[in-house]
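Have a look at the structure below before the remarks.
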Amino acid sequence: MKYSVPLIYSFILLLSMVFFHPRVNAANEQWQALLKDYNKHLQNKLKSKGIPAGALSIVNGPDNTYVKGFGVTKLKNGQRVNEYTRFRLASVSKTFAGALTAKLVGQGKFSLDDPVSKFIPEFANTSYKDNLKVFHLLSHSSGLVPNAYDNLIESRMNYPDIVAKLLSVQPICQPGQCYGYQNVMFSLIDEVIISSTQMSYSRWLNEFIFSPLQMKNASVGYQSMVADGNYAHPHVRGRKKWHTAKLKKNYYKVIPAAGVNASASDMAIWLKAQLGYYPSVLSKDELARQTRPYTQTKKELRRRVWKKHLKEAYYGLGWRVYNYDNETIYYHSGWVQGYRSDLVVIPHMNIGFSLVLNAETGLINELTTDFINRVLAYKQAQLTPKL
């Protein structure tokens with residue numbers, strides 16, 4: 001008996017609707033339940049600790065996006081936080097520096113193996129000579145003692161003068177041989193970019209990352225943060241309650257390391273970009289380049305809330321790369337006065353998570369860990385055969 005081609009296709013389509021769609025619907029229902037439960041848990045935790053505000057962004061694939069603002073921009077006379085309210089990202093800003101660098105390298109503007117002295121000639125006259133490479137800056141493997149001259153960032157000294165002092169510091173190891181988290185050294189990527197492209201880091205970020213991604217509230221620097229009233233003010237703890245603090249400009253000196261502002265809606269887009277859904281802005285090769293595990297970070301394996309889960313820990317270009325319960329995750333946290341931030345990308349699951357709070361609280365560690373564990377449990381449920 002002969003069957004027409006359209007009839008066969010119709011039969012296949014019917015089978016797919018019968019067997020595939022219920023599974024898709026069940027998975028979506030489980031995901032929506034996860035979001036609902038986590039959202040309730042998050043709000044209860046923030047309320048119990050009196051946290052003024054937060055911005056949450058969760059993505060699952062290209063179309064499933066959850067964005068929400070919580071609380072108020074400041075405790076007295078503040079306005080309600082929404083998905084467009086700007087927060088300081090602090091060191092989560094480093095993920096933008098890593099991505100932009102990977103993009104510029106892909107365009108042939110410079111090489112990760114270029115010596116820093118090629119762009120900043122003063123380094124040739126230090127103990128580094130030509131041994132310090134561009135990738136050492138963004139992978140915290142320059143050989144400097146951790147957080148070198150961060151104290152000067154918090155002083156009135158301007159950034160060029162801090163860099164001048166940095167040139168005289170003797171490294172504790174050769175570049176690439178040890179890990180030492182940096183802000184001043186990390187931000188020298190701005191000088192590399194200016195020297196190689198004749199355009200500033202901030203301009204590159206605005207015109208070639210924020211604009212094409214339509215991250216409409218994202219910006220760099222203090223003036224952009226306070227451009228209108230829809231920004232979250234910083235809060236610090238004192239005498240058993242939270243106090244609204246003055247928004248300080250100091251860490252805006254190091255734009256690549258800590259100078260980005262963004263809203264919950266912006267961060268959802270950034271998560272999607274990291275998952276590969278905007279290849280015209282960040283290609284697959286560029287995403288892979290930024291998360292190459294350059295520097296082993298054994299200290300992270302002893303992190304209190306994660307030490308039972310972490311099996312391997314590395315630093316790429318502006319990203320931490322972890323083996324968390326046998327799942328690869330990309331992560332970064334941020335902390336400046338009055339703000340905390342966490343960013344998680346789980347590439348093999350196409351899931352991303354961002355949480356920013358306008359209060360200095362360790363609660364964010366618990367909230368992020370809880371989300372990761374819930375997602376991994378959700379994944380396991382999808383893989384377990386239904387009897």
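Every chain in the structure tokens takes a letter, A first, then B, and so on in the order presented; its residues are numbered from 1, and the ligands are numbered from 1 following the presented order.
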Which polymer residues have any atom within 6 Å of an atom of Pro234 (chain A), counting only C-alpha atoms, with same-chain residues fewer than 4 positions away left out, as a list in words?
Thr244, Ala245, Gly338, Tyr339 and Asn358 of chain A
What's around Ser141 (chain A) at 12 Å? Count only C-alpha atoms, leave out sequence neighbours fewer than 3 positions away in its own chain, and write the answer as number ranges by chain.
A: 131-138, 144-147, 171-182, 185-186, 293-297, 314-318
Report as an NGL selection string all protein, DNA and RNA residues lying within 9 Å of region 330-335 of chain A, evaluated on only C-alpha atoms, omitting residues in the same chain fewer than 2 positions from it.
:A and (88-95 or 258 or 291 or 318-322 or 328 or 337-347 or 356 or 360)
Include N, CA, C and O atoms and write out the residues we just selected as a compact mmCIF listing (two decimals), in the first residue's frame.
# COMPACT_ATOMS: atom_id res chain seq x y z
N ARG A 88 24.34 48.99 41.80
CA ARG A 88 25.77 48.82 41.53
C ARG A 88 26.09 47.33 41.46
O ARG A 88 25.69 46.56 42.34
N LEU A 89 26.82 46.93 40.46
CA LEU A 89 27.18 45.52 40.32
C LEU A 89 28.48 45.18 41.03
O LEU A 89 28.80 44.00 41.19
N ALA A 90 29.25 46.21 41.42
CA ALA A 90 30.54 45.98 42.09
C ALA A 90 31.39 45.05 41.21
O ALA A 90 31.49 45.27 40.01
N SER A 91 31.96 43.99 41.77
CA SER A 91 32.91 43.16 41.00
C SER A 91 32.25 42.27 39.96
O SER A 91 32.96 41.67 39.14
N VAL A 92 30.93 42.18 39.94
CA VAL A 92 30.28 41.51 38.81
C VAL A 92 30.57 42.27 37.52
O VAL A 92 30.48 41.73 36.43
N SER A 93 31.01 43.54 37.66
CA SER A 93 31.46 44.32 36.51
C SER A 93 32.58 43.61 35.76
O SER A 93 32.77 43.82 34.54
N LYS A 94 33.35 42.79 36.45
CA LYS A 94 34.48 42.11 35.81
C LYS A 94 34.03 41.17 34.71
O LYS A 94 34.78 40.89 33.77
N THR A 95 32.80 40.66 34.79
CA THR A 95 32.31 39.78 33.73
C THR A 95 32.17 40.54 32.41
O THR A 95 32.36 39.96 31.33
N ALA A 258 34.93 47.37 38.78
CA ALA A 258 33.79 47.57 39.69
C ALA A 258 32.89 48.73 39.30
O ALA A 258 32.18 49.25 40.16
N THR A 291 35.83 32.14 29.39
CA THR A 291 35.66 31.17 30.49
C THR A 291 36.70 30.05 30.45
O THR A 291 36.54 29.04 31.12
N GLY A 318 37.70 37.43 33.93
CA GLY A 318 36.59 38.11 34.57
C GLY A 318 35.48 37.18 35.05
O GLY A 318 34.42 37.65 35.46
N TRP A 319 35.71 35.88 35.00
CA TRP A 319 34.73 34.89 35.43
C TRP A 319 35.37 33.82 36.30
O TRP A 319 36.50 33.38 36.01
N ARG A 320 34.67 33.39 37.32
CA ARG A 320 35.07 32.19 38.06
C ARG A 320 34.44 30.98 37.36
O ARG A 320 33.31 31.05 36.89
N VAL A 321 35.21 29.91 37.30
CA VAL A 321 34.77 28.69 36.64
C VAL A 321 34.83 27.55 37.65
O VAL A 321 35.91 27.22 38.15
N TYR A 322 33.66 26.99 37.98
CA TYR A 322 33.57 25.99 39.05
C TYR A 322 33.03 24.66 38.54
O TYR A 322 32.21 24.62 37.63
N THR A 328 29.28 22.23 35.53
CA THR A 328 30.09 23.42 35.27
C THR A 328 29.23 24.66 35.46
O THR A 328 28.14 24.76 34.88
N GLN A 337 30.72 49.13 49.27
CA GLN A 337 29.94 49.63 50.40
C GLN A 337 28.46 49.80 50.02
O GLN A 337 28.11 50.53 49.11
N GLY A 338 27.62 49.08 50.76
CA GLY A 338 26.18 49.22 50.58
C GLY A 338 25.54 48.32 49.54
O GLY A 338 24.32 48.37 49.36
N TYR A 339 26.33 47.47 48.86
CA TYR A 339 25.78 46.61 47.81
C TYR A 339 26.43 45.23 47.84
O TYR A 339 27.63 45.10 48.13
N ARG A 340 25.64 44.22 47.48
CA ARG A 340 26.15 42.87 47.22
C ARG A 340 25.52 42.36 45.93
O ARG A 340 24.36 42.67 45.63
N SER A 341 26.26 41.56 45.18
CA SER A 341 25.74 41.04 43.91
C SER A 341 26.28 39.64 43.66
O SER A 341 27.40 39.31 44.06
N ASP A 342 25.49 38.82 42.99
CA ASP A 342 25.89 37.48 42.58
C ASP A 342 25.38 37.22 41.17
O ASP A 342 24.26 37.63 40.81
N LEU A 343 26.19 36.52 40.38
CA LEU A 343 25.83 36.17 39.00
C LEU A 343 26.23 34.72 38.76
O LEU A 343 27.37 34.33 39.05
N VAL A 344 25.31 33.93 38.24
CA VAL A 344 25.55 32.50 37.98
C VAL A 344 25.06 32.15 36.59
O VAL A 344 23.94 32.50 36.21
N VAL A 345 25.90 31.45 35.83
CA VAL A 345 25.51 30.91 34.53
C VAL A 345 25.77 29.41 34.55
O VAL A 345 26.88 28.98 34.90
N ILE A 346 24.75 28.63 34.21
CA ILE A 346 24.89 27.17 34.14
C ILE A 346 24.72 26.80 32.67
O ILE A 346 23.61 26.56 32.20
N PRO A 347 25.82 26.78 31.92
CA PRO A 347 25.72 26.72 30.45
C PRO A 347 25.04 25.47 29.90
O PRO A 347 24.28 25.55 28.94
N VAL A 356 21.02 41.13 43.00
CA VAL A 356 21.74 42.30 43.50
C VAL A 356 20.94 42.89 44.66
O VAL A 356 19.72 43.06 44.55
N GLU A 360 24.84 45.51 52.50
CA GLU A 360 26.00 44.63 52.71
C GLU A 360 25.60 43.49 53.63
O GLU A 360 25.64 43.61 54.84
Determine the nearest neighbour of Gly143 (chain A) from the options A:Gln170, A:Glu300, A:Ser263, A:Lys68, counting only C-alpha atoms.
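That would be A:Gln170, the residue with the smallest distance to Gly143 (chain A).
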Proximity to Leu104 (chain A) - best of A:Met267, A:Leu213, A:Leu166, A:Met199, only C-alpha atoms:
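Under the stated criterion, the closest residue is A:Met199.
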I'd like the contact shell of Lys109 (chain A) - 10 Å cut-off, only C-alpha atoms, skipping same-chain residues fewer than 4 positions apart - returned as a PDB file with N, CA and C atoms, in the first residue's frame.
ATOM      1  N   THR A 101      36.891  41.999  26.405  1.00  0.00           N
ATOM      2  CA  THR A 101      38.244  41.625  26.011  1.00  0.00           C
ATOM      3  C   THR A 101      38.228  40.446  25.043  1.00  0.00           C
ATOM      4  N   LYS A 103      35.902  39.673  23.042  1.00  0.00           N
ATOM      5  CA  LYS A 103      35.376  40.178  21.774  1.00  0.00           C
ATOM      6  C   LYS A 103      36.456  40.901  20.971  1.00  0.00           C
ATOM      7  N   LEU A 104      37.205  41.773  21.629  1.00  0.00           N
ATOM      8  CA  LEU A 104      38.241  42.546  20.946  1.00  0.00           C
ATOM      9  C   LEU A 104      39.377  41.653  20.466  1.00  0.00           C
ATOM     10  N   VAL A 105      39.696  40.638  21.241  1.00  0.00           N
ATOM     11  CA  VAL A 105      40.710  39.668  20.807  1.00  0.00           C
ATOM     12  C   VAL A 105      40.220  38.945  19.555  1.00  0.00           C
ATOM     13  N   VAL A 192      45.064  49.044  27.977  1.00  0.00           N
ATOM     14  CA  VAL A 192      45.355  48.155  26.842  1.00  0.00           C
ATOM     15  C   VAL A 192      44.403  48.465  25.689  1.00  0.00           C
ATOM     16  N   ILE A 193      43.124  48.626  26.025  1.00  0.00           N
ATOM     17  CA  ILE A 193      42.105  48.879  25.000  1.00  0.00           C
ATOM     18  C   ILE A 193      42.298  50.254  24.352  1.00  0.00           C
ATOM     19  N   SER A 195      45.089  51.965  24.095  1.00  0.00           N
ATOM     20  CA  SER A 195      46.313  51.945  23.296  1.00  0.00           C
ATOM     21  C   SER A 195      46.118  51.200  21.975  1.00  0.00           C
ATOM     22  N   SER A 196      45.350  50.122  21.994  1.00  0.00           N
ATOM     23  CA  SER A 196      45.226  49.283  20.799  1.00  0.00           C
ATOM     24  C   SER A 196      44.090  49.695  19.872  1.00  0.00           C
ATOM     25  N   THR A 197      43.106  50.451  20.391  1.00  0.00           N
ATOM     26  CA  THR A 197      41.940  50.801  19.568  1.00  0.00           C
ATOM     27  C   THR A 197      41.679  52.302  19.492  1.00  0.00           C
TER      28      THR A 197
END
